[in-house]
Amino acid sequence: MSYFFSEAARVEHLEHVAYYESCQIGLGARYLLAFDAAMATVCEAPDRYRVEFPPAIRKYRVPGFPYNILYRIVDSDIEVLVVAAHRRRPGYWLGRL
């Protein structure tokens, strides 16, 4: 399986990269590696992770960083809906659907 971002999730993801890189050179790259590894895990078996928001939105945590990836399976791909910071209001992104 492969994945793609919703437009809002892509912007959010790039903001996280920029933020970490502004904090420390190379930290943005570490975040990207962690995100890519997380998505590789999700792509291996996307049904493995529990449904967080019915009927079909699932969640996976980015290891080493305070973010959850919320996604859904669309045909034979995965749509990343949000890369949510743990400190943000839960469900803030639901209006995007």
# chains A, B, ... in the order shown; residues from 1 in each chain; ligands from 1
>>> select_by_dssp(residues="chain A", states="strand (DSSP E or B)", output="PyMOL selection string")
chain A and resi 2-5+51-53+57-61+67-74+77-85
>>> residues_around(residues="His86 of chain A", least_positions_apart="4", cutoff="12 Å", atoms="only C-alpha atoms", output="VMD selection string")
chain A and resid 60 to 62 65 to 70 82 90 to 92
>>> write_last_selection(atoms="N, CA, C and O atoms", output="mmCIF file, in the first residue's frame")
data_model
loop_
_atom_site.group_PDB
_atom_site.id
_atom_site.type_symbol
_atom_site.label_atom_id
_atom_site.label_comp_id
_atom_site.auth_asym_id
_atom_site.auth_seq_id
_atom_site.Cartn_x
_atom_site.Cartn_y
_atom_site.Cartn_z
ATOM 1 N N TYR A 60 -2.395 6.049 14.577
ATOM 2 C CA TYR A 60 -1.091 5.457 14.853
ATOM 3 C C TYR A 60 -0.192 6.566 15.378
ATOM 4 O O TYR A 60 -0.194 7.679 14.859
ATOM 5 N N ARG A 61 0.576 6.282 16.400
ATOM 6 C CA ARG A 61 1.447 7.276 17.030
ATOM 7 C C ARG A 61 2.807 7.292 16.352
ATOM 8 O O ARG A 61 3.377 6.245 16.072
ATOM 9 N N VAL A 62 3.331 8.490 16.126
ATOM 10 C CA VAL A 62 4.677 8.640 15.566
ATOM 11 C C VAL A 62 5.670 8.384 16.697
ATOM 12 O O VAL A 62 5.699 9.138 17.672
ATOM 13 N N PHE A 65 7.929 11.171 18.874
ATOM 14 C CA PHE A 65 7.410 12.525 18.677
ATOM 15 C C PHE A 65 5.955 12.563 19.144
ATOM 16 O O PHE A 65 5.247 11.563 19.061
ATOM 17 N N PRO A 66 5.508 13.725 19.629
ATOM 18 C CA PRO A 66 4.153 13.813 20.210
ATOM 19 C C PRO A 66 3.048 14.030 19.184
ATOM 20 O O PRO A 66 2.297 15.011 19.249
ATOM 21 N N TYR A 67 2.953 13.105 18.225
ATOM 22 C CA TYR A 67 1.952 13.224 17.172
ATOM 23 C C TYR A 67 1.257 11.903 16.927
ATOM 24 O O TYR A 67 1.871 10.841 17.011
ATOM 25 N N ASN A 68 -0.011 12.008 16.588
ATOM 26 C CA ASN A 68 -0.784 10.866 16.114
ATOM 27 C C ASN A 68 -1.085 11.078 14.643
ATOM 28 O O ASN A 68 -1.416 12.188 14.228
ATOM 29 N N ILE A 69 -0.974 10.014 13.891
ATOM 30 C CA ILE A 69 -1.377 10.033 12.494
ATOM 31 C C ILE A 69 -2.784 9.452 12.448
ATOM 32 O O ILE A 69 -2.999 8.330 12.895
ATOM 33 N N LEU A 70 -3.722 10.233 11.961
ATOM 34 C CA LEU A 70 -5.079 9.736 11.778
ATOM 35 C C LEU A 70 -5.280 9.529 10.294
ATOM 36 O O LEU A 70 -4.965 10.410 9.485
ATOM 37 N N VAL A 82 -4.745 13.734 9.168
ATOM 38 C CA VAL A 82 -4.194 14.713 10.115
ATOM 39 C C VAL A 82 -2.950 14.124 10.767
ATOM 40 O O VAL A 82 -2.845 12.910 10.939
ATOM 41 N N PRO A 90 -8.725 17.515 21.057
ATOM 42 C CA PRO A 90 -9.106 16.286 20.338
ATOM 43 C C PRO A 90 -10.217 16.557 19.334
ATOM 44 O O PRO A 90 -11.164 17.293 19.605
ATOM 45 N N GLY A 91 -10.064 15.970 18.152
ATOM 46 C CA GLY A 91 -11.094 16.078 17.138
ATOM 47 C C GLY A 91 -11.154 17.423 16.428
ATOM 48 O O GLY A 91 -12.083 17.667 15.656
ATOM 49 N N TYR A 92 -10.142 18.305 16.634
ATOM 50 C CA TYR A 92 -10.177 19.636 16.028
ATOM 51 C C TYR A 92 -10.289 19.559 14.498
ATOM 52 O O TYR A 92 -10.785 20.473 13.869
#
>>> residues_around(residues="Pro46 of chain A", least_positions_apart="5", cutoff="12 Å", atoms="only C-alpha atoms", output="VMD selection string")
chain A and resid 1 to 3 38 to 41 51 56 to 60 69 to 74 76 to 80
>>> atom_distance(atom1="atom CA of Phe4 of chain A", atom2="atom CA of Ile25 of chain A")
26.6 Å
>>> residues_around(residues="Gly28 of chain A", least_positions_apart="3", cutoff="12 Å", atoms="only C-alpha atoms", output="PyMOL selection string")
chain A and resi 13-25+31-35+65
>>> write_last_selection(atoms="N, CA, C and O atoms", output="PDB file, in the first residue's frame")
ATOM      1  N   HIS A  13       1.842  18.658   8.358  1.00  0.00           N
ATOM      2  CA  HIS A  13       3.060  17.845   8.403  1.00  0.00           C
ATOM      3  C   HIS A  13       4.298  18.698   8.090  1.00  0.00           C
ATOM      4  O   HIS A  13       5.296  18.643   8.810  1.00  0.00           O
ATOM      5  N   LEU A  14       4.223  19.510   7.052  1.00  0.00           N
ATOM      6  CA  LEU A  14       5.350  20.365   6.689  1.00  0.00           C
ATOM      7  C   LEU A  14       5.627  21.413   7.766  1.00  0.00           C
ATOM      8  O   LEU A  14       6.786  21.783   7.998  1.00  0.00           O
ATOM      9  N   GLU A  15       4.586  21.886   8.435  1.00  0.00           N
ATOM     10  CA  GLU A  15       4.781  22.821   9.558  1.00  0.00           C
ATOM     11  C   GLU A  15       5.542  22.150  10.689  1.00  0.00           C
ATOM     12  O   GLU A  15       6.394  22.783  11.331  1.00  0.00           O
ATOM     13  N   HIS A  16       5.245  20.877  10.952  1.00  0.00           N
ATOM     14  CA  HIS A  16       5.967  20.146  12.005  1.00  0.00           C
ATOM     15  C   HIS A  16       7.448  20.021  11.640  1.00  0.00           C
ATOM     16  O   HIS A  16       8.317  20.217  12.489  1.00  0.00           O
ATOM     17  N   VAL A  17       7.725  19.697  10.389  1.00  0.00           N
ATOM     18  CA  VAL A  17       9.117  19.585   9.934  1.00  0.00           C
ATOM     19  C   VAL A  17       9.842  20.912  10.147  1.00  0.00           C
ATOM     20  O   VAL A  17      10.936  20.949  10.720  1.00  0.00           O
ATOM     21  N   ALA A  18       9.243  22.002   9.696  1.00  0.00           N
ATOM     22  CA  ALA A  18       9.857  23.329   9.821  1.00  0.00           C
ATOM     23  C   ALA A  18      10.071  23.706  11.282  1.00  0.00           C
ATOM     24  O   ALA A  18      11.123  24.256  11.649  1.00  0.00           O
ATOM     25  N   TYR A  19       9.088  23.403  12.132  1.00  0.00           N
ATOM     26  CA  TYR A  19       9.211  23.725  13.554  1.00  0.00           C
ATOM     27  C   TYR A  19      10.408  23.007  14.172  1.00  0.00           C
ATOM     28  O   TYR A  19      11.243  23.628  14.834  1.00  0.00           O
ATOM     29  N   TYR A  20      10.508  21.700  13.947  1.00  0.00           N
ATOM     30  CA  TYR A  20      11.604  20.943  14.542  1.00  0.00           C
ATOM     31  C   TYR A  20      12.952  21.378  13.991  1.00  0.00           C
ATOM     32  O   TYR A  20      13.927  21.465  14.722  1.00  0.00           O
ATOM     33  N   GLU A  21      13.001  21.701  12.710  1.00  0.00           N
ATOM     34  CA  GLU A  21      14.263  22.145  12.123  1.00  0.00           C
ATOM     35  C   GLU A  21      14.667  23.503  12.686  1.00  0.00           C
ATOM     36  O   GLU A  21      15.852  23.773  12.871  1.00  0.00           O
ATOM     37  N   SER A  22      13.682  24.354  13.004  1.00  0.00           N
ATOM     38  CA  SER A  22      13.997  25.658  13.594  1.00  0.00           C
ATOM     39  C   SER A  22      14.480  25.520  15.039  1.00  0.00           C
ATOM     40  O   SER A  22      15.223  26.370  15.529  1.00  0.00           O
ATOM     41  N   CYS A  23      14.065  24.456  15.701  1.00  0.00           N
ATOM     42  CA  CYS A  23      14.509  24.219  17.086  1.00  0.00           C
ATOM     43  C   CYS A  23      15.948  23.727  17.127  1.00  0.00           C
ATOM     44  O   CYS A  23      16.720  24.113  18.008  1.00  0.00           O
ATOM     45  N   GLN A  24      16.286  22.857  16.185  1.00  0.00           N
ATOM     46  CA  GLN A  24      17.625  22.267  16.149  1.00  0.00           C
ATOM     47  C   GLN A  24      17.875  21.708  14.752  1.00  0.00           C
ATOM     48  O   GLN A  24      17.047  20.944  14.242  1.00  0.00           O
ATOM     49  N   ILE A  25      18.991  22.075  14.185  1.00  0.00           N
ATOM     50  CA  ILE A  25      19.316  21.578  12.847  1.00  0.00           C
ATOM     51  C   ILE A  25      19.403  20.056  12.886  1.00  0.00           C
ATOM     52  O   ILE A  25      20.038  19.481  13.761  1.00  0.00           O
ATOM     53  N   TYR A  31      12.431  13.902  12.583  1.00  0.00           N
ATOM     54  CA  TYR A  31      10.974  13.780  12.574  1.00  0.00           C
ATOM     55  C   TYR A  31      10.517  13.101  11.276  1.00  0.00           C
ATOM     56  O   TYR A  31       9.672  12.209  11.307  1.00  0.00           O
ATOM     57  N   LEU A  32      11.072  13.525  10.146  1.00  0.00           N
ATOM     58  CA  LEU A  32      10.690  12.920   8.867  1.00  0.00           C
ATOM     59  C   LEU A  32      10.987  11.431   8.839  1.00  0.00           C
ATOM     60  O   LEU A  32      10.172  10.641   8.354  1.00  0.00           O
ATOM     61  N   LEU A  33      12.138  11.038   9.358  1.00  0.00           N
ATOM     62  CA  LEU A  33      12.473   9.605   9.408  1.00  0.00           C
ATOM     63  C   LEU A  33      11.477   8.840  10.267  1.00  0.00           C
ATOM     64  O   LEU A  33      11.032   7.747   9.907  1.00  0.00           O
ATOM     65  N   ALA A  34      11.122   9.413  11.419  1.00  0.00           N
ATOM     66  CA  ALA A  34      10.162   8.764  12.317  1.00  0.00           C
ATOM     67  C   ALA A  34       8.792   8.677  11.650  1.00  0.00           C
ATOM     68  O   ALA A  34       8.107   7.651  11.744  1.00  0.00           O
ATOM     69  N   PHE A  35       8.390   9.739  10.973  1.00  0.00           N
ATOM     70  CA  PHE A  35       7.102   9.737  10.281  1.00  0.00           C
ATOM     71  C   PHE A  35       7.095   8.694   9.169  1.00  0.00           C
ATOM     72  O   PHE A  35       6.137   7.923   9.034  1.00  0.00           O
ATOM     73  N   PHE A  65       7.929  11.171  18.874  1.00  0.00           N
ATOM     74  CA  PHE A  65       7.410  12.525  18.677  1.00  0.00           C
ATOM     75  C   PHE A  65       5.955  12.563  19.144  1.00  0.00           C
ATOM     76  O   PHE A  65       5.247  11.563  19.061  1.00  0.00           O
TER      77      PHE A  65
END
>>> select_by_dssp(residues="chain A", states="helix (DSSP H, G or I)", output="short mmCIF file (atom, residue, chain, number, x, y, z; two decimals) with all heavy atoms, in the first residue's frame")
data_model
loop_
_atom_site.label_atom_id
_atom_site.label_comp_id
_atom_site.auth_asym_id
_atom_site.auth_seq_id
_atom_site.Cartn_x
_atom_site.Cartn_y
_atom_site.Cartn_z
N GLU A 7 -4.92 17.74 1.83
CA GLU A 7 -4.18 19.00 1.72
C GLU A 7 -3.87 19.59 3.10
O GLU A 7 -2.75 20.02 3.37
CB GLU A 7 -4.96 20.02 0.89
CG GLU A 7 -4.24 21.33 0.68
CD GLU A 7 -2.86 21.21 0.02
OE1 GLU A 7 -2.61 20.25 -0.73
OE2 GLU A 7 -2.01 22.10 0.27
N ALA A 8 -4.84 19.59 4.00
CA ALA A 8 -4.62 20.14 5.34
C ALA A 8 -3.57 19.34 6.10
O ALA A 8 -2.74 19.91 6.81
CB ALA A 8 -5.93 20.18 6.11
N ALA A 9 -3.57 18.03 5.96
CA ALA A 9 -2.59 17.18 6.64
C ALA A 9 -1.19 17.42 6.09
O ALA A 9 -0.21 17.44 6.83
CB ALA A 9 -2.96 15.71 6.52
N ARG A 10 -1.09 17.62 4.78
CA ARG A 10 0.22 17.89 4.17
C ARG A 10 0.80 19.19 4.71
O ARG A 10 1.97 19.25 5.11
CB ARG A 10 0.09 17.99 2.64
CG ARG A 10 1.43 18.18 1.94
CD ARG A 10 1.25 18.40 0.44
NE ARG A 10 0.58 19.65 0.14
CZ ARG A 10 1.15 20.86 0.21
NH1 ARG A 10 2.40 20.97 0.57
NH2 ARG A 10 0.47 21.94 -0.08
N VAL A 11 -0.02 20.23 4.80
CA VAL A 11 0.43 21.52 5.33
C VAL A 11 0.85 21.35 6.79
O VAL A 11 1.92 21.84 7.21
CB VAL A 11 -0.68 22.59 5.19
CG1 VAL A 11 -0.36 23.84 5.98
CG2 VAL A 11 -0.91 22.91 3.72
N GLU A 12 0.04 20.68 7.56
CA GLU A 12 0.33 20.45 8.97
C GLU A 12 1.66 19.70 9.14
O GLU A 12 2.49 20.07 9.96
CB GLU A 12 -0.82 19.63 9.55
CG GLU A 12 -0.98 19.61 11.02
CD GLU A 12 -2.35 19.05 11.37
OE1 GLU A 12 -2.74 17.99 10.84
OE2 GLU A 12 -3.01 19.69 12.20
N HIS A 13 1.84 18.66 8.36
CA HIS A 13 3.06 17.84 8.40
C HIS A 13 4.30 18.70 8.09
O HIS A 13 5.30 18.64 8.81
CB HIS A 13 2.92 16.70 7.40
CG HIS A 13 4.11 15.85 7.23
ND1 HIS A 13 4.67 15.11 8.26
CD2 HIS A 13 4.89 15.61 6.14
CE1 HIS A 13 5.72 14.45 7.80
NE2 HIS A 13 5.87 14.75 6.52
N LEU A 14 4.22 19.51 7.05
CA LEU A 14 5.35 20.37 6.69
C LEU A 14 5.63 21.41 7.77
O LEU A 14 6.79 21.78 8.00
CB LEU A 14 5.10 21.02 5.33
CG LEU A 14 5.07 20.05 4.15
CD1 LEU A 14 4.70 20.78 2.87
CD2 LEU A 14 6.39 19.30 4.00
N GLU A 15 4.59 21.89 8.43
CA GLU A 15 4.78 22.82 9.56
C GLU A 15 5.54 22.15 10.69
O GLU A 15 6.39 22.78 11.33
CB GLU A 15 3.44 23.35 10.06
CG GLU A 15 2.79 24.33 9.13
CD GLU A 15 1.38 24.73 9.55
OE1 GLU A 15 0.82 24.12 10.51
OE2 GLU A 15 0.82 25.63 8.91
N HIS A 16 5.25 20.88 10.95
CA HIS A 16 5.97 20.15 12.00
C HIS A 16 7.45 20.02 11.64
O HIS A 16 8.32 20.22 12.49
CB HIS A 16 5.37 18.76 12.22
CG HIS A 16 3.94 18.75 12.66
ND1 HIS A 16 3.38 19.71 13.47
CD2 HIS A 16 2.94 17.89 12.37
CE1 HIS A 16 2.10 19.44 13.67
NE2 HIS A 16 1.82 18.33 13.01
N VAL A 17 7.73 19.70 10.39
CA VAL A 17 9.12 19.58 9.93
C VAL A 17 9.84 20.91 10.15
O VAL A 17 10.94 20.95 10.72
CB VAL A 17 9.19 19.17 8.45
CG1 VAL A 17 10.64 19.21 7.94
CG2 VAL A 17 8.59 17.80 8.22
N ALA A 18 9.24 22.00 9.70
CA ALA A 18 9.86 23.33 9.82
C ALA A 18 10.07 23.71 11.28
O ALA A 18 11.12 24.26 11.65
CB ALA A 18 9.00 24.37 9.12
N TYR A 19 9.09 23.40 12.13
CA TYR A 19 9.21 23.73 13.55
C TYR A 19 10.41 23.01 14.17
O TYR A 19 11.24 23.63 14.83
CB TYR A 19 7.93 23.35 14.30
CG TYR A 19 8.11 23.40 15.79
CD1 TYR A 19 8.18 24.62 16.46
CD2 TYR A 19 8.27 22.23 16.54
CE1 TYR A 19 8.39 24.67 17.83
CE2 TYR A 19 8.48 22.27 17.90
CZ TYR A 19 8.54 23.49 18.54
OH TYR A 19 8.76 23.55 19.89
N TYR A 20 10.51 21.70 13.95
CA TYR A 20 11.60 20.94 14.54
C TYR A 20 12.95 21.38 13.99
O TYR A 20 13.93 21.47 14.72
CB TYR A 20 11.40 19.44 14.36
CG TYR A 20 10.42 18.90 15.37
CD1 TYR A 20 9.20 18.38 14.97
CD2 TYR A 20 10.71 18.93 16.72
CE1 TYR A 20 8.30 17.91 15.91
CE2 TYR A 20 9.81 18.46 17.66
CZ TYR A 20 8.61 17.95 17.24
OH TYR A 20 7.72 17.49 18.17
N GLU A 21 13.00 21.70 12.71
CA GLU A 21 14.26 22.14 12.12
C GLU A 21 14.67 23.50 12.69
O GLU A 21 15.85 23.77 12.87
CB GLU A 21 14.14 22.19 10.60
CG GLU A 21 15.45 22.19 9.88
CD GLU A 21 16.34 20.98 10.15
OE1 GLU A 21 15.85 19.87 10.43
OE2 GLU A 21 17.57 21.16 10.07
N SER A 22 13.68 24.35 13.00
CA SER A 22 14.00 25.66 13.59
C SER A 22 14.48 25.52 15.04
O SER A 22 15.22 26.37 15.53
CB SER A 22 12.78 26.59 13.54
OG SER A 22 11.80 26.23 14.48
N CYS A 23 14.06 24.46 15.70
CA CYS A 23 14.51 24.22 17.09
C CYS A 23 15.95 23.73 17.13
O CYS A 23 16.72 24.11 18.01
CB CYS A 23 13.61 23.19 17.77
SG CYS A 23 11.96 23.78 18.10
N LEU A 27 16.83 18.09 13.47
CA LEU A 27 15.68 17.52 14.19
C LEU A 27 14.48 17.35 13.25
O LEU A 27 13.72 16.39 13.38
CB LEU A 27 15.31 18.39 15.39
CG LEU A 27 14.32 17.82 16.38
CD1 LEU A 27 14.75 16.45 16.89
CD2 LEU A 27 14.12 18.77 17.55
N GLY A 28 14.33 18.25 12.29
CA GLY A 28 13.27 18.09 11.30
C GLY A 28 13.47 16.82 10.49
O GLY A 28 12.52 16.10 10.20
N ALA A 29 14.72 16.53 10.15
CA ALA A 29 15.03 15.30 9.42
C ALA A 29 14.73 14.07 10.27
O ALA A 29 14.23 13.06 9.75
CB ALA A 29 16.49 15.30 8.97
N ARG A 30 15.01 14.15 11.57
CA ARG A 30 14.69 13.02 12.46
C ARG A 30 13.19 12.80 12.54
O ARG A 30 12.71 11.66 12.55
CB ARG A 30 15.27 13.26 13.86
CG ARG A 30 16.75 12.99 13.89
CD ARG A 30 17.39 13.07 15.26
NE ARG A 30 16.55 12.69 16.37
CZ ARG A 30 16.64 13.25 17.58
NH1 ARG A 30 17.50 14.21 17.83
NH2 ARG A 30 15.85 12.85 18.55
N TYR A 31 12.43 13.90 12.58
CA TYR A 31 10.97 13.78 12.57
C TYR A 31 10.52 13.10 11.28
O TYR A 31 9.67 12.21 11.31
CB TYR A 31 10.32 15.16 12.72
CG TYR A 31 8.86 15.15 12.34
CD1 TYR A 31 7.89 14.63 13.19
CD2 TYR A 31 8.44 15.62 11.09
CE1 TYR A 31 6.56 14.59 12.82
CE2 TYR A 31 7.12 15.59 10.72
CZ TYR A 31 6.18 15.07 11.58
OH TYR A 31 4.86 15.03 11.22
N LEU A 32 11.07 13.52 10.15
CA LEU A 32 10.69 12.92 8.87
C LEU A 32 10.99 11.43 8.84
O LEU A 32 10.17 10.64 8.35
CB LEU A 32 11.43 13.60 7.72
CG LEU A 32 10.84 14.89 7.20
CD1 LEU A 32 11.75 15.52 6.15
CD2 LEU A 32 9.46 14.67 6.63
N LEU A 33 12.14 11.04 9.36
CA LEU A 33 12.47 9.61 9.41
C LEU A 33 11.48 8.84 10.27
O LEU A 33 11.03 7.75 9.91
CB LEU A 33 13.89 9.40 9.93
CG LEU A 33 15.01 9.77 8.97
CD1 LEU A 33 16.37 9.68 9.68
CD2 LEU A 33 15.00 8.86 7.75
N ALA A 34 11.12 9.41 11.42
CA ALA A 34 10.16 8.76 12.32
C ALA A 34 8.79 8.68 11.65
O ALA A 34 8.11 7.65 11.74
CB ALA A 34 10.07 9.52 13.64
N PHE A 35 8.39 9.74 10.97
CA PHE A 35 7.10 9.74 10.28
C PHE A 35 7.09 8.69 9.17
O PHE A 35 6.14 7.92 9.03
CB PHE A 35 6.79 11.13 9.71
CG PHE A 35 5.45 11.18 9.03
CD1 PHE A 35 4.31 11.45 9.76
CD2 PHE A 35 5.33 10.93 7.68
CE1 PHE A 35 3.07 11.48 9.15
CE2 PHE A 35 4.10 10.95 7.05
CZ PHE A 35 2.96 11.23 7.79
N ASP A 36 8.16 8.66 8.37
CA ASP A 36 8.24 7.68 7.28
C ASP A 36 8.21 6.25 7.81
O ASP A 36 7.55 5.38 7.23
CB ASP A 36 9.49 7.91 6.44
CG ASP A 36 9.40 9.16 5.57
OD1 ASP A 36 8.28 9.68 5.37
OD2 ASP A 36 10.46 9.62 5.09
N ALA A 37 8.90 6.01 8.91
CA ALA A 37 8.89 4.67 9.52
C ALA A 37 7.49 4.33 10.02
O ALA A 37 7.02 3.19 9.85
CB ALA A 37 9.90 4.59 10.66
N ALA A 38 6.81 5.31 10.61
CA ALA A 38 5.45 5.08 11.10
C ALA A 38 4.52 4.74 9.93
O ALA A 38 3.73 3.79 10.01
CB ALA A 38 4.94 6.32 11.83
N MET A 39 4.65 5.47 8.84
CA MET A 39 3.78 5.20 7.70
C MET A 39 4.12 3.87 7.02
O MET A 39 3.22 3.19 6.52
CB MET A 39 3.84 6.35 6.69
CG MET A 39 3.11 7.60 7.17
SD MET A 39 1.41 7.31 7.79
CE MET A 39 0.62 6.60 6.35
N ALA A 40 5.37 3.47 7.04
CA ALA A 40 5.73 2.16 6.51
C ALA A 40 5.06 1.06 7.32
O ALA A 40 4.54 0.08 6.78
CB ALA A 40 7.25 1.98 6.50
N THR A 41 5.04 1.24 8.64
CA THR A 41 4.37 0.28 9.53
C THR A 41 2.88 0.24 9.25
O THR A 41 2.28 -0.83 9.15
CB THR A 41 4.65 0.65 11.00
OG1 THR A 41 6.06 0.61 11.23
CG2 THR A 41 3.96 -0.30 11.95
N VAL A 42 2.27 1.40 9.13
CA VAL A 42 0.84 1.48 8.84
C VAL A 42 0.53 0.82 7.50
O VAL A 42 -0.43 0.06 7.37
CB VAL A 42 0.34 2.94 8.87
CG1 VAL A 42 -1.05 3.07 8.28
CG2 VAL A 42 0.37 3.50 10.28
N CYS A 43 1.35 1.10 6.49
CA CYS A 43 1.10 0.57 5.14
C CYS A 43 1.21 -0.96 5.10
O CYS A 43 0.56 -1.59 4.27
CB CYS A 43 2.06 1.20 4.14
SG CYS A 43 1.64 2.91 3.73
N GLU A 44 2.00 -1.54 5.99
CA GLU A 44 2.13 -3.00 6.03
C GLU A 44 0.82 -3.68 6.39
O GLU A 44 0.49 -4.74 5.86
CB GLU A 44 3.20 -3.42 7.03
CG GLU A 44 4.61 -3.18 6.58
CD GLU A 44 5.62 -3.50 7.67
OE1 GLU A 44 5.23 -4.07 8.73
OE2 GLU A 44 6.79 -3.19 7.45
N PRO A 46 -2.66 -1.82 7.54
CA PRO A 46 -3.43 -0.68 8.04
C PRO A 46 -4.64 -1.06 8.89
O PRO A 46 -5.08 -0.28 9.73
CB PRO A 46 -3.86 0.05 6.77
CG PRO A 46 -3.74 -0.96 5.69
CD PRO A 46 -2.66 -1.90 6.09
N ASP A 47 -5.17 -2.25 8.71
CA ASP A 47 -6.32 -2.68 9.51
C ASP A 47 -5.92 -3.10 10.92
O ASP A 47 -6.80 -3.32 11.76
CB ASP A 47 -7.03 -3.86 8.83
CG ASP A 47 -7.75 -3.43 7.58
OD1 ASP A 47 -8.24 -2.29 7.53
OD2 ASP A 47 -7.84 -4.24 6.64
N ARG A 48 -4.66 -3.21 11.18
CA ARG A 48 -4.16 -3.65 12.49
C ARG A 48 -4.50 -2.65 13.59
O ARG A 48 -4.68 -3.02 14.76
CB ARG A 48 -2.65 -3.83 12.42
CG ARG A 48 -2.01 -4.23 13.73
CD ARG A 48 -0.50 -4.31 13.65
NE ARG A 48 -0.07 -5.12 12.52
CZ ARG A 48 1.13 -5.02 11.97
NH1 ARG A 48 2.01 -4.15 12.41
NH2 ARG A 48 1.46 -5.79 10.95
N LEU A 94 -12.02 17.32 12.69
CA LEU A 94 -13.21 16.64 12.17
C LEU A 94 -13.97 17.47 11.14
O LEU A 94 -14.61 16.91 10.25
CB LEU A 94 -14.13 16.21 13.30
CG LEU A 94 -13.63 15.03 14.12
CD1 LEU A 94 -14.49 14.83 15.37
CD2 LEU A 94 -13.61 13.76 13.29
N GLY A 95 -13.89 18.77 11.23
CA GLY A 95 -14.55 19.64 10.26
C GLY A 95 -13.96 19.54 8.86
O GLY A 95 -14.56 20.00 7.90
N ARG A 96 -12.78 18.93 8.74
CA ARG A 96 -12.13 18.79 7.44
C ARG A 96 -12.77 17.69 6.58
O ARG A 96 -12.54 17.65 5.38
CB ARG A 96 -10.66 18.40 7.62
CG ARG A 96 -9.84 19.41 8.32
CD ARG A 96 -8.43 18.90 8.44
NE ARG A 96 -7.61 19.75 9.27
CZ ARG A 96 -6.39 19.47 9.64
NH1 ARG A 96 -5.83 18.34 9.24
NH2 ARG A 96 -5.71 20.29 10.40
#
